[in-house]
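Participant: Just passing along the structure, written as structure tokens.
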Amino acid sequence: MRLLAYWAVVFVVAVLHPELASAADWQAGFSKVVITPEQPMFASGYGGRNKPSAGQVNELHGRAAALRDPSGKTVVFLSTDLIGVPVKMAKVLCDHAERKHGLKRADVMITCSHTHCGPALDDKLSYMLDMKEEDWEQVRRYQQILNAKLMALIDRAMADLSPAKLATGSGVSRFAANRRDPKGLGPYDHAVPVLRISSADGKTLRGVIFGYACHSTVLSFYNWCSDYGGFAMDFLEEQHPGATALFFAGCGGDQNPLPRRKVELSQKYGRMLAFGVERVLETRMKSVGGTLRTDFRHVDLEFASLPSKSDLEKTLKGSSRYERARAGVLLEQYARDGKLSKTYPCPVQVWELGENVTWVAIGGEVVIDYALRLKRELGNNRTWVTGYANDVMAYIPSERVLKEGGYEGGSSMLYYQLPSPWKSGLEAAIVNSVVEMSGDLRKQSADSN
Ligand SMILES: [Zn+2]
């Protein structure tokens with residue numbers, strides 16, 4: 001009898017009120033925390049800074065969204081106003097998410113806005129800063145506080161899970177320009193992918209996740225600032241009280257917001273991006289049905305060459321502070337492991353979100369060619385590509401950019417303490433992995449239908 005009543009309810013909901021049936025199927029939860037350093041400390045992103053940063057233009061935040069599909073599969077997405085995602089921090093957060101919430105590595109996506117007015121982190125990039133031991137101690141203390149705040153952030157997003165309606169769409173914002181020479185003429189991607197998460201009745205906006213492929217380098221001074229991505233989130237949250245806005249950086253490794261260097265410009269780009277998101281929210285968006293499927297793996301990227309120990313010892317006596325810092329880090333590796341690693345494991349993650357979205361996340365400062373190619377290979381209207389995800393350990397040039405050379409093609413490796421430019425073949429390795437992962441996940445979805 002009880003079973004009969006249950007099926008009667010299912011029938012009424014599914015047939016007479018289909019909008020309620022799909023609304024009840026998904027859940028979402030959100031949380032937000034201030035992560036602005038409380039003490040003066042070094043900012044990251046520019047090696048030329050010679051003293052700690054102190055003042056602030058706006059607060060830096062960490063934001064989390066937990067999403068649960070109708071089968072109970074749950075993922076957590078993190079958006080942070082940080083320069084990078086230290087791989088050690090990612091491990092702490094993912095271990096916590098597994099222990100406390102049973103989430104697998106593939107179910108947690110950790111991203112950063114790559115703001116160049118955020119704190120230095122306990123990560124390789126900080127070796128390019130002119131820091132003394134006491135500055136490093138401050139960085140490590142901040143990292144501990146940050147780790148604790150982000151673990152709690154995940155817990156609060158999970159605790160907030162409640163019925164939600166998801167829909168996707170895509171907009172446009174036009175301030176990113178290819179920064180490689182000749183400036184402004186190279187490829188770009190002005191798309192703004194948007195995930196709208198509303199209350200179960202669809203009436204109230206609870207959260208919005210959106211991305212854009214452009215470096216967060218408008219500002220380079222000594223004040224904390226979230227840059228354009230943070231301003232876009234702040235603006236959307238002002239417009240929709242109670243909602244949480246989460247930004248992710250796309251493949252903007254070779255894209256800059258031009259012109260730069262004024263707070264007003266950073267705010268203007270933030271508004272432009274937020275307006276791009278608002279326009280999508282006002283349109284008829286595609287509702288997310290189906291389920292979530294996730295995968296994560298490391299793609300081993302090879303270095304072109306490795307310096308010998310004696311080469312590095314010579315460099316230690318050289319005049320370049322950056323060269324000396326890298327030589328020091330690599331000599332430590334020789335002392336610890338007896339050799340240098342020939343490869344670096346680049347994290348690659350794929351989320352198939354319902355039937356309409358393939359969400360790809362790649363570690364490092366990924367250049368725009370990856371977004372354009374993956375959209376061609378996986379479907380232009382359905383593919384979102386996040387860069388700076390799960391680890392930011394180097395630039396990830398395409399084969400074209402690697403061949404052309406320049407900063408993103410190779411010379412930037414110095415600032416990440418890596419031995420040489422990448423070896424040819426990395427684009428194929430990354431793209432093939434993503435295409436294979438997405439294909440497998442889509443097949444699993446099809447088989448279960
Ligand atoms: Zn960068």
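For the structure tokens, the naming scheme is as follows: chains receive sequential letters (A, B, ...) according to their order of presentation, residues are indexed from 1 within each chain, and ligands are indexed from 1 in presentation order.
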Name all residues at most 8 Å from Gly62 in chain A (count only C-alpha atoms; drop same-chain ones fewer than 6 positions away) and give them as a tab-separated table (two decimals) with C-alpha atoms, in the first residue's frame.

Facilitator:
chain	number	residue	atom	x	y	z
A	32	LYS	CA	32.37	31.67	1.14
A	33	VAL	CA	35.28	32.75	3.33
A	34	VAL	CA	37.60	35.77	3.51
A	35	ILE	CA	41.23	34.77	2.89
A	78	LEU	CA	36.53	25.62	-5.32
A	79	SER	CA	37.19	29.14	-6.59
A	80	THR	CA	39.95	31.08	-4.84
A	81	ASP	CA	41.38	34.60	-5.19
A	150	LEU	CA	39.48	25.99	2.79
A	153	LEU	CA	34.80	25.95	3.36

Participant: What residues have any atom no more than 8 Å from ligand 1 when counting only C-alpha atoms and all ligand atoms, and can you list them as a PDB file with C-alpha atoms, in the first residue's frame?

Facilitator:
ATOM      1  CA  GLY A  45      52.971  37.058  -9.378  1.00  0.00           C
ATOM      2  CA  ILE A  83      47.884  33.191  -7.653  1.00  0.00           C
ATOM      3  CA  HIS A 114      45.520  33.793 -10.636  1.00  0.00           C
ATOM      4  CA  HIS A 116      48.726  38.963  -9.176  1.00  0.00           C
ATOM      5  CA  HIS A 215      45.265  36.688 -17.080  1.00  0.00           C
ATOM      6  CA  SER A 216      44.437  38.450 -13.799  1.00  0.00           C
ATOM      7  CA  THR A 217      47.234  40.974 -14.275  1.00  0.00           C
ATOM      8  CA  GLY A 253      48.007  31.950 -20.161  1.00  0.00           C
ATOM      9  CA  GLU A 365      48.987  28.458 -17.083  1.00  0.00           C
ATOM     10  CA  TYR A 395      52.966  27.583 -18.415  1.00  0.00           C
TER      11      TYR A 395
END

Participant: Quick one: residues within 8 Å of Ala54 in chain A, only C-alpha atoms, excluding same-chain residues fewer than 3 positions away - as a ChimeraX atom specification?

Facilitator: /A:39-41,222-224

Participant: Could you save the residues just selected, with all heavy atoms, as an mmCIF file, in the first residue's frame?

Facilitator:
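That gives us again.cif:
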data_model
loop_
_atom_site.group_PDB
_atom_site.id
_atom_site.type_symbol
_atom_site.label_atom_id
_atom_site.label_comp_id
_atom_site.auth_asym_id
_atom_site.auth_seq_id
_atom_site.Cartn_x
_atom_site.Cartn_y
_atom_site.Cartn_z
ATOM 1 N N GLN A 39 48.228 39.732 8.256
ATOM 2 C CA GLN A 39 49.526 40.386 8.495
ATOM 3 C C GLN A 39 50.112 40.792 7.141
ATOM 4 O O GLN A 39 49.852 40.131 6.147
ATOM 5 C CB GLN A 39 50.515 39.395 9.142
ATOM 6 C CG GLN A 39 49.974 38.649 10.340
ATOM 7 C CD GLN A 39 49.824 39.541 11.543
ATOM 8 O OE1 GLN A 39 50.528 40.540 11.666
ATOM 9 N NE2 GLN A 39 48.885 39.224 12.417
ATOM 10 N N PRO A 40 50.943 41.860 7.118
ATOM 11 C CA PRO A 40 51.642 42.178 5.872
ATOM 12 C C PRO A 40 52.507 40.985 5.447
ATOM 13 O O PRO A 40 53.109 40.332 6.303
ATOM 14 C CB PRO A 40 52.535 43.365 6.259
ATOM 15 C CG PRO A 40 51.925 43.934 7.480
ATOM 16 C CD PRO A 40 51.273 42.796 8.201
ATOM 17 N N MET A 41 52.513 40.683 4.178
ATOM 18 C CA MET A 41 53.372 39.598 3.664
ATOM 19 C C MET A 41 53.593 39.811 2.168
ATOM 20 O O MET A 41 52.936 40.652 1.544
ATOM 21 C CB MET A 41 52.752 38.219 3.938
ATOM 22 C CG MET A 41 51.429 37.964 3.239
ATOM 23 S SD MET A 41 50.746 36.307 3.588
ATOM 24 C CE MET A 41 51.805 35.285 2.571
ATOM 25 N N TYR A 222 51.167 47.027 -4.293
ATOM 26 C CA TYR A 222 51.398 46.373 -2.997
ATOM 27 C C TYR A 222 50.129 46.288 -2.142
ATOM 28 O O TYR A 222 50.192 46.222 -0.938
ATOM 29 C CB TYR A 222 52.509 47.122 -2.239
ATOM 30 C CG TYR A 222 53.884 46.911 -2.843
ATOM 31 C CD1 TYR A 222 54.331 47.715 -3.890
ATOM 32 C CD2 TYR A 222 54.729 45.899 -2.384
ATOM 33 C CE1 TYR A 222 55.586 47.520 -4.458
ATOM 34 C CE2 TYR A 222 55.982 45.695 -2.946
ATOM 35 C CZ TYR A 222 56.402 46.512 -3.980
ATOM 36 O OH TYR A 222 57.644 46.309 -4.532
ATOM 37 N N ASN A 223 48.965 46.329 -2.803
ATOM 38 C CA ASN A 223 47.693 46.181 -2.080
ATOM 39 C C ASN A 223 47.045 44.863 -2.477
ATOM 40 O O ASN A 223 47.135 44.445 -3.635
ATOM 41 C CB ASN A 223 46.732 47.316 -2.454
ATOM 42 C CG ASN A 223 47.249 48.655 -1.997
ATOM 43 O OD1 ASN A 223 47.691 48.800 -0.861
ATOM 44 N ND2 ASN A 223 47.219 49.632 -2.891
ATOM 45 N N TRP A 224 46.339 44.244 -1.530
ATOM 46 C CA TRP A 224 45.599 43.022 -1.872
ATOM 47 C C TRP A 224 44.418 43.384 -2.762
ATOM 48 O O TRP A 224 43.706 44.353 -2.485
ATOM 49 C CB TRP A 224 45.091 42.319 -0.605
ATOM 50 C CG TRP A 224 46.173 42.014 0.373
ATOM 51 C CD1 TRP A 224 46.247 42.429 1.661
ATOM 52 C CD2 TRP A 224 47.355 41.212 0.143
ATOM 53 N NE1 TRP A 224 47.400 41.954 2.257
ATOM 54 C CE2 TRP A 224 48.090 41.206 1.343
ATOM 55 C CE3 TRP A 224 47.854 40.523 -0.960
ATOM 56 C CZ2 TRP A 224 49.306 40.538 1.472
ATOM 57 C CZ3 TRP A 224 49.066 39.849 -0.829
ATOM 58 C CH2 TRP A 224 49.766 39.861 0.372
#

Participant: Which residues in range 61-305 of chain A does DSSP call alpha helix (DSSP H)? List them as an NGL selection string.

Facilitator: :A and (87-101 or 133-159 or 227-239 or 263-282)

Participant: Using only C-alpha atoms, tabulate the residues of range 339-417 of chain A lying at most 12 Å from any atom of range 162-174 of chain A, each with its closest atom pair and that distance in Å to one decimal, by chain and increasing residue number, as a Markdown table.

Facilitator:
| residue | atom | partner | partner_atom | distance |
| --- | --- | --- | --- | --- |
| A:Leu353 | CA | A:Thr168 | CA | 9.8 |
| A:Gly354 | CA | A:Leu166 | CA | 9.6 |
| A:Glu355 | CA | A:Thr168 | CA | 10.9 |
| A:Asn356 | CA | A:Thr168 | CA | 8.1 |
| A:Val357 | CA | A:Thr168 | CA | 8.0 |
| A:Thr358 | CA | A:Thr168 | CA | 11.3 |
| A:Trp359 | CA | A:Thr168 | CA | 11.6 |
| A:Asn380 | CA | A:Ser170 | CA | 10.6 |
| A:Asn381 | CA | A:Ser170 | CA | 7.9 |
| A:Arg382 | CA | A:Gly169 | CA | 9.0 |
| A:Thr383 | CA | A:Ser170 | CA | 10.2 |
| A:Trp384 | CA | A:Ser170 | CA | 9.7 |

Participant: Skipping near chain neighbours, those fewer than 2 positions away, what residues fall within 7 Å of Met128 in chain A using only C-alpha atoms, listed as an NGL selection string?

Facilitator: :A and (47 or 125-126 or 130 or 322 or 325 or 415)

Participant: For the strand (DSSP E or B) assignment from backbone DSSP, which residues of range 73-304 of chain A qualify? Please present them as an MDAnalysis selection string.

Facilitator: chainID A and resid 74:80 108:112 119 162:172 176:178 191:199 205:212 224 244:249 255:257 286:287 292:303

Participant: Go ahead and compute the interatomic distance for CA of Val92 in chain A and CA of Met151 in chain A, in Å to one decimal.

Facilitator: 8.3 Å

Participant: For range 241-251 of chain A, please output as a list in words all residues within 7 Å (counting only C-alpha atoms; exclusion window: fewer than 6 positions along the same chain).

Facilitator: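 In the requested form, the answer reads Phe30, Arg63, Ser79, Thr111, Cys112, Ser113, Leu205, Arg206, Gly207, Val208, Ile209, Phe210, Gly211, Tyr212, Ala213, Cys214, Gly229, Met233, Val366, Val367, Ile368, Tyr370, Ala371, Val385, Thr386, Gly387 and Tyr388 of chain A.
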